[in-house]
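The data block below is start-v9.cif; it holds mmCIF, C-alpha atoms.
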data_query
#
loop_
_atom_site.group_PDB
_atom_site.id
_atom_site.type_symbol
_atom_site.label_atom_id
_atom_site.label_comp_id
_atom_site.auth_asym_id
_atom_site.auth_seq_id
_atom_site.Cartn_x
_atom_site.Cartn_y
_atom_site.Cartn_z
ATOM 1 C CA MET A 1 27.072 -25.605 13.103
ATOM 2 C CA PRO A 2 27.189 -26.429 9.405
ATOM 3 C CA ALA A 3 30.351 -25.730 7.434
ATOM 4 C CA VAL A 4 30.085 -22.421 5.582
ATOM 5 C CA ASP A 5 32.141 -21.282 2.634
ATOM 6 C CA GLU A 6 33.125 -17.698 3.500
ATOM 7 C CA ALA A 7 33.656 -16.913 -0.170
ATOM 8 C CA GLN A 8 29.887 -17.256 -0.644
ATOM 9 C CA ILE A 9 29.066 -14.565 1.942
ATOM 10 C CA ASP A 10 28.523 -10.978 0.810
ATOM 11 C CA PHE A 11 30.234 -9.301 3.767
ATOM 12 C CA GLU A 12 30.296 -5.877 2.088
ATOM 13 C CA THR A 13 26.510 -5.719 1.711
ATOM 14 C CA ILE A 14 25.977 -7.104 5.203
ATOM 15 C CA GLU A 15 28.205 -4.394 6.658
ATOM 16 C CA LEU A 16 26.448 -1.693 4.636
ATOM 17 C CA PHE A 17 23.130 -2.936 6.070
ATOM 18 C CA PHE A 18 24.498 -2.785 9.615
ATOM 19 C CA PHE A 19 25.758 0.769 9.164
ATOM 20 C CA ALA A 20 22.677 1.944 7.250
ATOM 21 C CA TYR A 21 20.390 0.562 9.967
ATOM 22 C CA ARG A 22 22.486 2.125 12.728
ATOM 23 C CA ASP A 23 22.267 5.529 11.107
ATOM 24 C CA PHE A 24 18.613 5.134 10.040
ATOM 25 C CA VAL A 25 17.501 4.590 13.648
ATOM 26 C CA SER A 26 19.920 7.047 15.275
ATOM 27 C CA ASP A 27 17.716 10.152 14.966
ATOM 28 C CA PRO A 28 14.548 8.489 16.319
ATOM 29 C CA ASP A 29 16.634 6.830 19.060
ATOM 30 C CA ALA A 30 17.825 10.255 20.217
ATOM 31 C CA ILE A 31 14.262 11.620 20.318
ATOM 32 C CA LEU A 32 12.948 8.540 22.126
ATOM 33 C CA SER A 33 15.713 8.512 24.731
ATOM 34 C CA LYS A 34 14.631 11.996 25.853
ATOM 35 C CA ILE A 35 11.198 10.619 26.782
ATOM 36 C CA GLY A 36 12.407 7.324 28.249
ATOM 37 C CA MET A 37 11.374 5.151 25.324
ATOM 38 C CA GLY A 38 13.117 2.971 22.767
ATOM 39 C CA ARG A 39 12.812 1.268 19.406
ATOM 40 C CA ALA A 40 9.982 -1.014 20.472
ATOM 41 C CA HIS A 41 7.895 2.060 21.293
ATOM 42 C CA HIS A 42 8.818 3.503 17.901
ATOM 43 C CA ARG A 43 7.611 0.414 16.055
ATOM 44 C CA VAL A 44 4.309 0.331 17.926
ATOM 45 C CA VAL A 45 3.495 4.026 17.544
ATOM 46 C CA TYR A 46 4.557 3.906 13.884
ATOM 47 C CA PHE A 47 2.238 1.051 12.904
ATOM 48 C CA VAL A 48 -0.687 2.259 15.015
ATOM 49 C CA CYS A 49 -0.425 5.664 13.334
ATOM 50 C CA ARG A 50 -0.192 4.083 9.884
ATOM 51 C CA GLN A 51 -3.233 1.879 10.567
ATOM 52 C CA PRO A 52 -5.471 3.578 13.151
ATOM 53 C CA GLY A 53 -7.980 1.146 14.631
ATOM 54 C CA MET A 54 -5.787 -1.888 14.089
ATOM 55 C CA MET A 55 -6.426 -4.743 16.461
ATOM 56 C CA VAL A 56 -3.793 -5.773 18.985
ATOM 57 C CA THR A 57 -3.674 -9.189 17.297
ATOM 58 C CA ASP A 58 -2.831 -7.514 13.968
ATOM 59 C CA LEU A 59 -0.063 -5.519 15.612
ATOM 60 C CA LEU A 60 1.353 -8.696 17.136
ATOM 61 C CA ASP A 61 1.317 -10.303 13.696
ATOM 62 C CA THR A 62 2.903 -7.275 12.017
ATOM 63 C CA LEU A 63 5.699 -7.033 14.584
ATOM 64 C CA GLN A 64 5.989 -10.829 14.933
ATOM 65 C CA ILE A 65 6.257 -10.658 18.703
ATOM 66 C CA THR A 66 4.366 -12.248 21.590
ATOM 67 C CA LYS A 67 1.658 -10.624 23.714
ATOM 68 C CA GLN A 68 4.066 -10.615 26.637
ATOM 69 C CA SER A 69 6.679 -8.722 24.623
ATOM 70 C CA LEU A 70 4.137 -6.114 23.542
ATOM 71 C CA ALA A 71 2.351 -5.677 26.887
ATOM 72 C CA ARG A 72 4.907 -3.492 28.695
ATOM 73 C CA VAL A 73 5.574 -1.251 25.693
ATOM 74 C CA LEU A 74 1.901 -0.803 24.857
ATOM 75 C CA LYS A 75 1.030 -0.054 28.489
ATOM 76 C CA GLN A 76 3.702 2.644 28.629
ATOM 77 C CA LEU A 77 2.450 4.225 25.389
ATOM 78 C CA ILE A 78 -1.134 4.179 26.671
ATOM 79 C CA ASP A 79 -0.187 5.521 30.111
ATOM 80 C CA SER A 80 1.913 8.268 28.485
ATOM 81 C CA GLY A 81 -0.986 9.366 26.287
ATOM 82 C CA TYR A 82 0.392 8.345 22.894
ATOM 83 C CA ILE A 83 -1.966 5.442 22.176
ATOM 84 C CA ARG A 84 -5.524 4.707 23.240
ATOM 85 C CA GLN A 85 -7.097 1.293 23.309
ATOM 86 C CA MET A 86 -10.805 0.814 22.655
ATOM 87 C CA ALA A 87 -13.144 -2.148 22.410
ATOM 88 C CA GLY A 88 -14.351 -2.999 18.909
ATOM 89 C CA ALA A 89 -17.747 -1.598 17.902
ATOM 90 C CA LYS A 90 -19.114 -4.960 16.734
ATOM 91 C CA ASP A 91 -17.099 -7.284 18.951
ATOM 92 C CA ARG A 92 -16.367 -5.837 22.396
ATOM 93 C CA ARG A 93 -13.617 -8.447 22.903
ATOM 94 C CA GLN A 94 -11.530 -6.856 20.178
ATOM 95 C CA ARG A 95 -8.912 -4.398 21.360
ATOM 96 C CA ARG A 96 -8.401 -1.680 18.770
ATOM 97 C CA LEU A 97 -5.524 0.780 18.919
ATOM 98 C CA TYR A 98 -5.607 4.437 17.938
ATOM 99 C CA PRO A 99 -2.974 7.161 18.115
ATOM 100 C CA THR A 100 -3.750 10.220 20.172
ATOM 101 C CA LEU A 101 -2.783 13.627 18.816
ATOM 102 C CA ALA A 102 0.439 13.367 20.858
ATOM 103 C CA GLY A 103 1.036 9.877 19.426
ATOM 104 C CA ARG A 104 0.595 11.110 15.885
ATOM 105 C CA GLU A 105 2.954 14.015 16.520
ATOM 106 C CA LEU A 106 5.528 11.625 18.003
ATOM 107 C CA ALA A 107 5.271 9.256 15.036
ATOM 108 C CA LEU A 108 5.760 12.144 12.609
ATOM 109 C CA ALA A 109 8.697 13.529 14.596
ATOM 110 C CA LEU A 110 10.358 10.102 14.487
ATOM 111 C CA SER A 111 9.645 9.512 10.787
ATOM 112 C CA GLU A 112 10.664 12.959 9.522
ATOM 113 C CA PRO A 113 14.452 12.554 9.935
ATOM 114 C CA GLN A 114 14.234 9.048 8.495
ATOM 115 C CA SER A 115 12.337 10.386 5.493
ATOM 116 C CA ARG A 116 14.979 13.096 4.992
ATOM 117 C CA ARG A 117 17.735 10.458 5.135
ATOM 118 C CA ILE A 118 15.934 8.338 2.518
ATOM 119 C CA ALA A 119 15.361 11.361 0.257
ATOM 120 C CA ARG A 120 19.064 12.286 0.431
ATOM 121 C CA ALA A 121 20.089 8.724 -0.416
ATOM 122 C CA LEU A 122 17.714 8.575 -3.401
ATOM 123 C CA GLU A 123 18.159 12.107 -4.774
ATOM 124 C CA GLU A 124 20.892 11.223 -7.283
ATOM 125 C CA LEU A 125 19.159 8.070 -8.517
ATOM 126 C CA THR A 126 17.094 7.787 -11.662
ATOM 127 C CA PRO A 127 13.450 6.676 -11.371
ATOM 128 C CA GLU A 128 14.519 3.232 -12.603
ATOM 129 C CA GLN A 129 17.237 3.006 -9.940
ATOM 130 C CA ARG A 130 14.753 4.068 -7.268
ATOM 131 C CA GLY A 131 12.435 1.324 -8.469
ATOM 132 C CA GLY A 132 15.314 -1.110 -8.166
ATOM 133 C CA VAL A 133 15.944 -0.030 -4.574
ATOM 134 C CA LEU A 134 12.275 -0.573 -3.666
ATOM 135 C CA ALA A 135 12.217 -3.952 -5.426
ATOM 136 C CA PHE A 136 15.369 -4.997 -3.563
ATOM 137 C CA LEU A 137 13.951 -3.969 -0.180
ATOM 138 C CA LYS A 138 10.670 -5.767 -0.870
ATOM 139 C CA ALA A 139 12.590 -8.903 -1.837
ATOM 140 C CA MET A 140 14.588 -8.687 1.396
ATOM 141 C CA ARG A 141 11.370 -8.854 3.456
ATOM 142 C CA GLY A 142 10.663 -12.492 2.691
ATOM 143 C CA ARG A 143 11.669 -15.217 5.096
ATOM 144 C CA GLU A 144 13.985 -17.892 3.863
ATOM 145 C CA GLU A 145 12.207 -21.218 3.583
ATOM 146 C CA GLY A 146 13.134 -23.565 6.405
ATOM 147 C CA VAL A 147 14.522 -20.767 8.580
ATOM 148 C CA VAL A 148 12.490 -20.347 11.746
ATOM 149 C CA PRO A 149 12.493 -16.726 12.986
ATOM 150 C CA VAL A 150 13.789 -16.295 16.506
ATOM 151 C CA GLU A 151 11.479 -14.222 18.705
ATOM 152 C CA THR A 152 13.442 -11.337 20.099
ATOM 153 C CA GLU A 153 12.463 -9.330 23.112
ATOM 154 C CA VAL A 154 11.441 -5.805 22.326
ATOM 155 C CA GLU A 155 13.999 -3.254 23.412
#

Spell out the structure here as structure tokens.
Amino acid sequence: MPAVDEAQIDFETIELFFFAYRDFVSDPDAILSKIGMGRAHHRVVYFVCRQPGMMVTDLLDTLQITKQSLARVLKQLIDSGYIRQMAGAKDRRQRRLYPTLAGRELALALSEPQSRRIARALEELTPEQRGGVLAFLKAMRGREEGVVPVETEVE
């Protein structure tokens, strides 16, 4: 491991991210646990509902996971009636994903408490401060050059 100067690490912000993430996912986690699902299911149903008709390959790219990691979760969502998979109209080899009515309702139920949490956090901020928050989050999305992402198993 390379030597690291602890004085250069922003531990306060890192801890705030840990706690914010824990609380941000806590409400959906509680809903999902009642139906025997987890965060991986949440991510899949969320993106399929946001982009109905997306191809499985696009979902894999969005989530940055392998087919094997997605297979179990997607099968459970399909078998439970939240997602349906259809062949592409022009290319029958394409697998396109669509939310069912139940899938859309689940996605909304999971997103609603998160949206409330975001609204509460932003309510005292000026429009300029809100813009700063969005700019910060967008900047956080980028991968650091030279850092190879580690594939994690879906939960």

Note to self: Take the PyMOL selection byres ((chain A and resi 117-123) around 12), run it mentally on this structure, and tell me the resulting residues as a list in words.
What the structure shows: Ala20, Tyr21, Asp23, Phe24, Val25, Ser26, Asp27, Pro28, Leu110, Ser111, Glu112, Pro113, Gln114, Ser115, Arg116, Glu124, Leu125, Thr126, Pro127, Glu128, Gln129, Arg130, Gly131, Gly132, Val133 and Leu134 of chain A

Item checked: atom CA of Ala40 of chain A to atom CA of Phe18 of chain A, distance in Å rounded to a single decimal -> 18.2 Å

Checklist line | Residues selected by the PyMOL selection byres ((chain A and resi 100-103) around 7), written as a ChimeraX atom specification | finding: /A:45,81-84,98-99,104-107

Check: Where does the PyMOL selection byres ((chain A and resi 97) around 8) land in this file, that is, which residues does it pick, as a list in words?
Finding: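 Listing what the PyMOL selection byres ((chain A and resi 97) around 8) selects in the shown file: Val48, Pro52, Gly53, Met54, Met55, Val56, Ile83, Arg84, Gln85, Met86, Arg95, Arg96, Tyr98 and Pro99 of chain A.
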
Check: atom CA of Asp58 of chain A to atom CA of Lys138 of chain A: how many Å, to one decimal?
Finding: 20.1 Å

Note to self: As an exercise, work out the distance from atom CA of Met37 of chain A to atom CA of Thr57 of chain A in Å and give it to one decimal place.
What the structure shows: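 According to the coordinates, atom CA of Met37 of chain A and atom CA of Thr57 of chain A are separated by 22.3 Å.
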
Once 5 Å is added on each side, what centre and edge lengths in Å to one decimal does the axis-aligned box around all listed atoms of segment 76-90 of chain A have, as JSON?
{"center_x": -7.7, "center_y": 2.2, "center_z": 23.4, "size_x": 32.8, "size_y": 24.3, "size_z": 23.4}

Next item on the list: May I have the protein, DNA and RNA residues with an atom at most 12 Å from (12.0, -0.9, 17.4), counting all atoms listed in the file in the file's coordinates, returned as a count of residues only?
Entry: 30
